[in-house]
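Novice: First the structure, which I've put down as C-alpha cells, then a few questions once you've had a look.
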Amino acid sequence: MCGRYAASRRPEDLTGLFQVERWDPAETLEPDWNVAPTKPVYAVLERPVKDAADRRPVRQLRTLTWGLVPSWAKTPEGGARMINARAESVHEKPSFRRPFLQRRCILPADGYYEWVTGSGERELEVEGRKKRARKQPYFVTPADGSVFAMAGLYEFWRDRTRPDEDPRAWWVTCSVITTEAETSPLAVAPAEGPASLSDIHPRMPVMLTPDRWDAWLDPSRTDTDELRALIAPPPGGLMRAYPVATAVSNVRNNGPELLEELAVPEEPTLF
C-alpha cells in the first residue's frame with residue numbers, strides 16, 4: 001500500500017514539468033515531507049475549467065484531499081480509509097470504477113515511505129518479556145531524482161448540509177493506485193537490507209513513466225483494457241530505496257531531514 005509520501009516540489013516546477021495550463025496560486029501548498037491521509041495534496045488532471053465558455057479539457061494543477069469519498073457516500077468519514085485503489089480491481093470496485101473511466105489524475109511525489117514487514121518485525125526479550133520491535137521505514141524514490149508520478153483517481157462529493165454558494169459544499173478527493181511491488185533488483189540498493197521493493201512491502205504505488213502521462217490524463221480515453229494497460233508496472237531497475245529515521249512514523253514530524261539516508265538501519269526500539 002501507500003500510506004505516507006513526500007511532496008516537496010514547488011508548484012512552479014510542477015506546472016512546467018507536467019505542461020500545466022492552469023493553476024491558481026491561491027491553492028499553493030507548503031512542501032510536505034510527511035504527507036498523510038486526509039491532507040491536501042497536489043494533483044495534475046485534465047477537465048474543462050469551471051464556468052468557462054470553452055468546454056475543452058484543460059490540464060490543471062489542483063489541490064485535492066487524499067482519501068477518496070465516493071460521490072454516492074452519505075458522509076465523508078470513510079475517505080481516510082480509501083487512500084489506495086488496487087490496480088487489479090480498480091475498474092470493478094463501485095467506489096473507483098467511474099473515476100477510473102472519467103476522473104484520472106497524477107499525484108506528484110518525491111517518493112514514498114514504507115515500513116519493512118516480516119523479518120523487520122522482530123521480537124526482543126526485555127526483562128523476561130517479549131516485545132515487538134518498531135518497524136524500519138524506507139524511502140523509495142526514482143534513482144535518477146525525477147518526479148515520482150503516482151497514478152491516481154479523483155472524485156467529487158456534495159455536502160448536502162451546506163448551501164450551493166458555500167465553497168465548502170463540494171469536496172474533491174483522491175486515491176493512489178497501487179500494484180504488486182517490483183521483484184527485480186533495485187537500481188541502488190542499501191548496503192544493508194532489502195534488494196528489491198517486494199522485500200520491503202508486497203505493494204507499491206503505480207509509477208507512470210512520462211510516456212504514459214498524456215494518455216492517462218486524457219478524459220476522452222474510456223476503454224477499460226487500454227486504461228488498465230497504462231497502469232501496468234513500469235520497467236524494473238528504476239528505483240532506489242534507503243533507510244530513514246523512525247521519526248517519519250509520527251505524522252507530526254515534518255521536514256527535509258526525514259529524507260536523510262541512514263548508513264545502516266536504526267537499532268530496533270520497543271513499543
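To be explicit about the labels: the chains of the C-alpha cells are called A, B, and onward in the order shown, and within each one the residues are counted from 1, while ligands get numbers from 1 in the order they are shown.
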Contacts of Asn254 of chain A at 10 Å or less, counting only C-alpha atoms, minus same-chain residues fewer than 2 places along, as a PyMOL selection string?

Specialist: chain A and resi 6+31-35+247-248+250-252+256-259

Novice: Kindly save the residues from that selection, with N, CA and C atoms included, as an mmCIF file, in the first residue's frame.

Specialist:
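Contents of the output file part_35.cif:
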data_model
loop_
_atom_site.group_PDB
_atom_site.id
_atom_site.type_symbol
_atom_site.label_atom_id
_atom_site.label_comp_id
_atom_site.auth_asym_id
_atom_site.auth_seq_id
_atom_site.Cartn_x
_atom_site.Cartn_y
_atom_site.Cartn_z
ATOM 1 N N ALA A 6 6.296 11.824 0.332
ATOM 2 C CA ALA A 6 6.894 13.150 0.400
ATOM 3 C C ALA A 6 6.602 13.888 -0.901
ATOM 4 N N PRO A 31 5.821 22.794 1.044
ATOM 5 C CA PRO A 31 6.479 21.494 0.871
ATOM 6 C C PRO A 31 6.129 20.573 2.040
ATOM 7 N N ASP A 32 5.886 19.313 1.732
ATOM 8 C CA ASP A 32 5.460 18.362 2.764
ATOM 9 C C ASP A 32 6.291 17.092 2.625
ATOM 10 N N TRP A 33 7.076 16.806 3.654
ATOM 11 C CA TRP A 33 7.923 15.616 3.637
ATOM 12 C C TRP A 33 7.294 14.452 4.402
ATOM 13 N N ASN A 34 6.046 14.628 4.811
ATOM 14 C CA ASN A 34 5.351 13.572 5.544
ATOM 15 C C ASN A 34 3.859 13.660 5.242
ATOM 16 N N VAL A 35 3.520 13.449 3.968
ATOM 17 C CA VAL A 35 2.127 13.518 3.533
ATOM 18 C C VAL A 35 1.378 12.313 4.086
ATOM 19 N N ALA A 247 11.576 8.730 12.882
ATOM 20 C CA ALA A 247 10.826 9.958 13.162
ATOM 21 C C ALA A 247 9.673 10.133 12.183
ATOM 22 N N VAL A 248 9.806 9.594 10.963
ATOM 23 C CA VAL A 248 8.755 9.746 9.968
ATOM 24 C C VAL A 248 7.494 8.997 10.377
ATOM 25 N N ASN A 250 5.878 9.278 12.971
ATOM 26 C CA ASN A 250 4.988 10.204 13.659
ATOM 27 C C ASN A 250 4.561 11.284 12.672
ATOM 28 N N VAL A 251 3.264 11.362 12.374
ATOM 29 C CA VAL A 251 2.791 12.300 11.348
ATOM 30 C C VAL A 251 3.030 13.757 11.736
ATOM 31 N N ARG A 252 3.286 14.023 13.009
ATOM 32 C CA ARG A 252 3.546 15.397 13.431
ATOM 33 C C ARG A 252 4.942 15.866 13.031
ATOM 34 N N PRO A 256 12.799 18.316 5.721
ATOM 35 C CA PRO A 256 13.674 17.603 4.786
ATOM 36 C C PRO A 256 14.573 16.580 5.465
ATOM 37 N N GLU A 257 14.785 16.722 6.787
ATOM 38 C CA GLU A 257 15.623 15.754 7.488
ATOM 39 C C GLU A 257 15.012 14.356 7.480
ATOM 40 N N LEU A 258 13.710 14.260 7.237
ATOM 41 C CA LEU A 258 13.071 12.940 7.195
ATOM 42 C C LEU A 258 13.572 12.114 6.013
ATOM 43 N N LEU A 259 14.111 12.788 4.987
ATOM 44 C CA LEU A 259 14.604 12.081 3.798
ATOM 45 C C LEU A 259 16.086 11.742 3.888
#

Novice: Write out as a PDB file with N, CA, C and O atoms, in the first residue's frame which residues come within 9 Å of Gln60 of chain A when counting only C-alpha atoms, dropping same-chain ones fewer than 6 positions away.

Specialist:
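Result file part-v1.pdb:
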ATOM      1  N   THR A  15       4.146  22.801 -12.680  1.00  0.00           N
ATOM      2  CA  THR A  15       3.411  23.273 -13.849  1.00  0.00           C
ATOM      3  C   THR A  15       4.254  23.159 -15.115  1.00  0.00           C
ATOM      4  O   THR A  15       3.742  22.830 -16.182  1.00  0.00           O
ATOM      5  N   GLN A  19       3.452  20.362 -17.975  1.00  0.00           N
ATOM      6  CA  GLN A  19       2.845  21.210 -19.006  1.00  0.00           C
ATOM      7  C   GLN A  19       1.427  21.633 -18.609  1.00  0.00           C
ATOM      8  O   GLN A  19       0.477  21.537 -19.394  1.00  0.00           O
ATOM      9  N   VAL A  20       1.314  22.097 -17.400  1.00  0.00           N
ATOM     10  CA  VAL A  20       0.024  22.540 -16.869  1.00  0.00           C
ATOM     11  C   VAL A  20      -0.361  23.881 -17.487  1.00  0.00           C
ATOM     12  O   VAL A  20       0.456  24.797 -17.587  1.00  0.00           O
ATOM     13  N   GLU A  21      -1.627  24.003 -17.885  1.00  0.00           N
ATOM     14  CA  GLU A  21      -2.126  25.249 -18.476  1.00  0.00           C
ATOM     15  C   GLU A  21      -2.764  26.167 -17.447  1.00  0.00           C
ATOM     16  O   GLU A  21      -2.824  27.382 -17.648  1.00  0.00           O
ATOM     17  N   ARG A  22      -3.260  25.600 -16.368  1.00  0.00           N
ATOM     18  CA  ARG A  22      -3.997  26.426 -15.401  1.00  0.00           C
ATOM     19  C   ARG A  22      -3.656  26.008 -13.977  1.00  0.00           C
ATOM     20  O   ARG A  22      -3.723  24.823 -13.638  1.00  0.00           O
ATOM     21  N   TRP A  23      -3.313  27.001 -13.185  1.00  0.00           N
ATOM     22  CA  TRP A  23      -3.021  26.782 -11.766  1.00  0.00           C
ATOM     23  C   TRP A  23      -3.368  28.044 -11.006  1.00  0.00           C
ATOM     24  O   TRP A  23      -3.031  29.153 -11.430  1.00  0.00           O
ATOM     25  N   ASP A  24      -4.061  27.905  -9.891  1.00  0.00           N
ATOM     26  CA  ASP A  24      -4.464  29.033  -9.061  1.00  0.00           C
ATOM     27  C   ASP A  24      -3.479  29.172  -7.907  1.00  0.00           C
ATOM     28  O   ASP A  24      -3.419  28.297  -7.037  1.00  0.00           O
ATOM     29  N   ALA A  43      -2.495  17.591  -7.363  1.00  0.00           N
ATOM     30  CA  ALA A  43      -2.881  16.608  -8.376  1.00  0.00           C
ATOM     31  C   ALA A  43      -2.892  17.289  -9.735  1.00  0.00           C
ATOM     32  O   ALA A  43      -3.336  18.438  -9.862  1.00  0.00           O
ATOM     33  N   VAL A  44      -2.398  16.592 -10.742  1.00  0.00           N
ATOM     34  CA  VAL A  44      -2.454  17.061 -12.125  1.00  0.00           C
ATOM     35  C   VAL A  44      -3.621  16.332 -12.787  1.00  0.00           C
ATOM     36  O   VAL A  44      -3.713  15.104 -12.720  1.00  0.00           O
ATOM     37  N   LEU A  45      -4.507  17.081 -13.410  1.00  0.00           N
ATOM     38  CA  LEU A  45      -5.683  16.477 -14.040  1.00  0.00           C
ATOM     39  C   LEU A  45      -6.099  17.291 -15.250  1.00  0.00           C
ATOM     40  O   LEU A  45      -5.645  18.425 -15.439  1.00  0.00           O
ATOM     41  N   GLU A  46      -6.970  16.703 -16.062  1.00  0.00           N
ATOM     42  CA  GLU A  46      -7.494  17.398 -17.239  1.00  0.00           C
ATOM     43  C   GLU A  46      -9.018  17.380 -17.193  1.00  0.00           C
ATOM     44  O   GLU A  46      -9.618  16.304 -17.122  1.00  0.00           O
ATOM     45  N   ARG A  47      -9.623  18.568 -17.204  1.00  0.00           N
ATOM     46  CA  ARG A  47     -11.067  18.702 -17.255  1.00  0.00           C
ATOM     47  C   ARG A  47     -11.382  20.144 -17.678  1.00  0.00           C
ATOM     48  O   ARG A  47     -10.527  21.043 -17.567  1.00  0.00           O
ATOM     49  N   VAL A  49     -12.532  23.931 -17.513  1.00  0.00           N
ATOM     50  CA  VAL A  49     -12.480  24.900 -16.432  1.00  0.00           C
ATOM     51  C   VAL A  49     -13.900  25.278 -16.031  1.00  0.00           C
ATOM     52  O   VAL A  49     -14.760  25.531 -16.894  1.00  0.00           O
TER      53      VAL A  49
END

Novice: Output as a ChimeraX atom specification all residues of segment 16-261 of chain A that backbone DSSP marks as helix (DSSP H, G or I).

Specialist: /A:16-17,25-27,77-81,97-102,118-120,167-169,197-199,210-217,224-230,246-249,256-259

Novice: Could you give me, as a short mmCIF file (atom, residue, chain, number, x, y, z; two decimals) with all heavy atoms, in the first residue's frame, the residues within 12 Å of Ser146 of chain A, counting only C-alpha atoms and dropping anything in the same chain fewer than 4 positions from it?

Specialist:
data_model
loop_
_atom_site.label_atom_id
_atom_site.label_comp_id
_atom_site.auth_asym_id
_atom_site.auth_seq_id
_atom_site.Cartn_x
_atom_site.Cartn_y
_atom_site.Cartn_z
N ARG A 9 8.20 19.44 -4.17
CA ARG A 9 8.42 20.28 -5.35
C ARG A 9 7.48 21.49 -5.36
O ARG A 9 6.32 21.40 -5.01
CB ARG A 9 8.25 19.46 -6.63
CG ARG A 9 9.44 18.56 -6.95
CD ARG A 9 9.17 17.73 -8.20
NE ARG A 9 10.37 17.09 -8.69
CZ ARG A 9 10.89 15.97 -8.21
NH1 ARG A 9 10.28 15.36 -7.20
NH2 ARG A 9 11.98 15.44 -8.71
N ASP A 13 7.47 24.50 -10.42
CA ASP A 13 8.22 23.43 -11.07
C ASP A 13 7.27 22.38 -11.65
O ASP A 13 7.50 21.86 -12.75
CB ASP A 13 9.17 22.77 -10.07
CG ASP A 13 10.23 23.74 -9.57
OD1 ASP A 13 10.61 24.66 -10.33
OD2 ASP A 13 10.67 23.59 -8.41
N LEU A 14 6.21 22.08 -10.93
CA LEU A 14 5.26 21.06 -11.37
C LEU A 14 4.50 21.52 -12.62
O LEU A 14 4.25 20.72 -13.53
CB LEU A 14 4.27 20.73 -10.26
CG LEU A 14 4.87 20.07 -9.01
CD1 LEU A 14 3.81 19.91 -7.93
CD2 LEU A 14 5.49 18.71 -9.35
N LEU A 17 6.87 20.98 -15.49
CA LEU A 17 7.18 19.57 -15.70
C LEU A 17 6.02 18.84 -16.38
O LEU A 17 6.23 18.03 -17.29
CB LEU A 17 7.49 18.91 -14.35
CG LEU A 17 7.85 17.43 -14.36
CD1 LEU A 17 9.15 17.20 -15.15
CD2 LEU A 17 8.01 16.92 -12.93
N PRO A 108 1.92 14.02 -7.93
CA PRO A 108 3.39 14.13 -7.97
C PRO A 108 3.99 13.94 -6.57
O PRO A 108 3.50 14.50 -5.58
CB PRO A 108 3.62 15.57 -8.46
CG PRO A 108 2.29 16.06 -8.94
CD PRO A 108 1.27 15.31 -8.16
N ALA A 109 5.05 13.17 -6.52
CA ALA A 109 5.71 12.90 -5.24
C ALA A 109 7.22 12.87 -5.45
O ALA A 109 7.71 12.68 -6.56
CB ALA A 109 5.23 11.57 -4.65
N ASP A 110 7.96 13.07 -4.36
CA ASP A 110 9.40 12.82 -4.38
C ASP A 110 9.65 11.32 -4.28
O ASP A 110 10.62 10.80 -4.81
CB ASP A 110 10.08 13.51 -3.20
CG ASP A 110 9.80 15.00 -3.16
OD1 ASP A 110 9.60 15.60 -4.23
OD2 ASP A 110 9.77 15.57 -2.05
N GLY A 111 8.78 10.65 -3.55
CA GLY A 111 8.88 9.22 -3.30
C GLY A 111 7.92 8.88 -2.19
O GLY A 111 7.19 9.74 -1.69
N THR A 141 12.30 6.02 -4.01
CA THR A 141 12.30 7.17 -4.90
C THR A 141 12.97 6.81 -6.22
O THR A 141 13.77 5.86 -6.27
CB THR A 141 13.05 8.34 -4.22
OG1 THR A 141 12.95 9.50 -5.02
CG2 THR A 141 14.52 8.01 -3.99
N PRO A 142 12.65 7.50 -7.32
CA PRO A 142 13.36 7.24 -8.59
C PRO A 142 14.86 7.45 -8.42
O PRO A 142 15.30 8.43 -7.82
CB PRO A 142 12.75 8.26 -9.55
CG PRO A 142 11.38 8.51 -9.01
CD PRO A 142 11.54 8.46 -7.53
N MET A 207 3.74 3.81 -10.64
CA MET A 207 4.51 4.95 -11.14
C MET A 207 4.32 5.07 -12.64
O MET A 207 4.63 4.14 -13.39
CB MET A 207 6.00 4.81 -10.82
CG MET A 207 6.78 6.06 -11.20
SD MET A 207 8.56 5.96 -10.86
CE MET A 207 9.11 4.96 -12.24
N LEU A 208 3.79 6.19 -13.08
CA LEU A 208 3.60 6.43 -14.50
C LEU A 208 4.86 7.06 -15.09
O LEU A 208 5.28 8.13 -14.67
CB LEU A 208 2.42 7.37 -14.73
CG LEU A 208 1.04 6.85 -14.30
CD1 LEU A 208 0.01 7.96 -14.39
CD2 LEU A 208 0.62 5.66 -15.16
N THR A 209 5.46 6.39 -16.06
CA THR A 209 6.59 6.98 -16.76
C THR A 209 6.07 8.08 -17.70
O THR A 209 4.89 8.06 -18.10
CB THR A 209 7.34 5.90 -17.56
OG1 THR A 209 6.39 5.14 -18.33
CG2 THR A 209 8.08 4.94 -16.62
N PRO A 210 6.91 9.08 -18.04
CA PRO A 210 6.43 10.23 -18.83
C PRO A 210 5.71 9.87 -20.11
O PRO A 210 4.81 10.61 -20.54
CB PRO A 210 7.72 11.01 -19.10
CG PRO A 210 8.59 10.70 -17.93
CD PRO A 210 8.31 9.25 -17.60
N LEU A 238 14.32 1.01 -11.89
CA LEU A 238 14.24 2.47 -11.93
C LEU A 238 14.34 3.11 -10.55
O LEU A 238 14.53 4.31 -10.44
CB LEU A 238 12.92 2.92 -12.58
CG LEU A 238 12.66 2.50 -14.01
CD1 LEU A 238 11.30 3.03 -14.47
CD2 LEU A 238 13.76 3.01 -14.93
N MET A 239 14.19 2.28 -9.51
CA MET A 239 14.02 2.83 -8.18
C MET A 239 15.22 2.56 -7.28
O MET A 239 16.01 1.65 -7.52
CB MET A 239 12.77 2.23 -7.52
CG MET A 239 11.53 2.25 -8.39
SD MET A 239 11.07 3.91 -8.90
CE MET A 239 10.59 4.58 -7.31
N ARG A 240 15.30 3.38 -6.23
CA ARG A 240 16.23 3.11 -5.16
C ARG A 240 15.46 3.19 -3.85
O ARG A 240 14.39 3.82 -3.79
CB ARG A 240 17.40 4.09 -5.14
CG ARG A 240 17.04 5.52 -4.82
CD ARG A 240 18.27 6.39 -4.63
NE ARG A 240 19.14 5.88 -3.58
CZ ARG A 240 19.83 6.64 -2.74
NH1 ARG A 240 19.73 7.97 -2.81
NH2 ARG A 240 20.60 6.12 -1.83
#

Novice: Write out as a tab-separated table (two decimals) with C-alpha atoms, in the first residue's frame the residues lying within 10 Å of Ala181 of chain A, counting only C-alpha atoms and excluding same-chain residues fewer than 4 positions away.

Specialist:
chain	number	residue	atom	x	y	z
A	1	MET	CA	0.00	0.00	0.00
A	196	SER	CA	14.04	-5.31	-4.19
A	197	LEU	CA	10.86	-3.36	-3.47
A	198	SER	CA	8.98	-6.58	-2.80
A	199	ASP	CA	11.41	-7.24	0.06
A	200	ILE	CA	10.12	-4.06	1.70
A	201	HIS	CA	6.39	-4.47	1.07
A	202	PRO	CA	4.27	-6.53	-1.36
A	203	ARG	CA	2.52	-3.41	-2.75
A	204	MET	CA	3.71	-0.11	-4.23
A	205	PRO	CA	2.13	2.93	-5.93
A	206	VAL	CA	1.80	2.71	-9.70
A	233	PRO	CA	4.19	-1.88	-13.65

Novice: For Tyr42 of chain A, please output as a PyMOL selection string all residues within 8 Å (counting only C-alpha atoms; exclusion window: fewer than 3 positions along the same chain).

Specialist: chain A and resi 29+61-64+107-108

Novice: Could you write out, as a PyMOL selection string, all the residues of segment 18-137 of chain A that DSSP marks as strand (DSSP E or B)?

Specialist: chain A and resi 22-23+32-35+40-47+58-66+84-86+104-109+111-115+123-126+129-133+137

Novice: Name the closest residue to Val58 of chain A among the candidates A:Ala263, A:Val172, A:Leu217, A:Ala85; distances are taken between atoms, counting only C-alpha atoms.

Specialist: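 Closest candidate: A:Leu217.
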
Novice: Between A:Arg81, A:Arg221, A:Ala229, A:Ala26, single out the one closest to Ser175 of chain A, counting only C-alpha atoms.

Specialist: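 Using only C-alpha atoms, the shortest distance to Ser175 of chain A belongs to A:Arg81.
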
Novice: Measuring between only C-alpha atoms, which one of A:Ile177, A:Ala36, A:Val188, A:Leu101 shows the shortest distance to Met150 of chain A?

Specialist: A:Ile177

Novice: In Å, how far is it from atom CA of Pro243 of chain A to atom CA of Ile231 of chain A?

Specialist: 27.1 Å
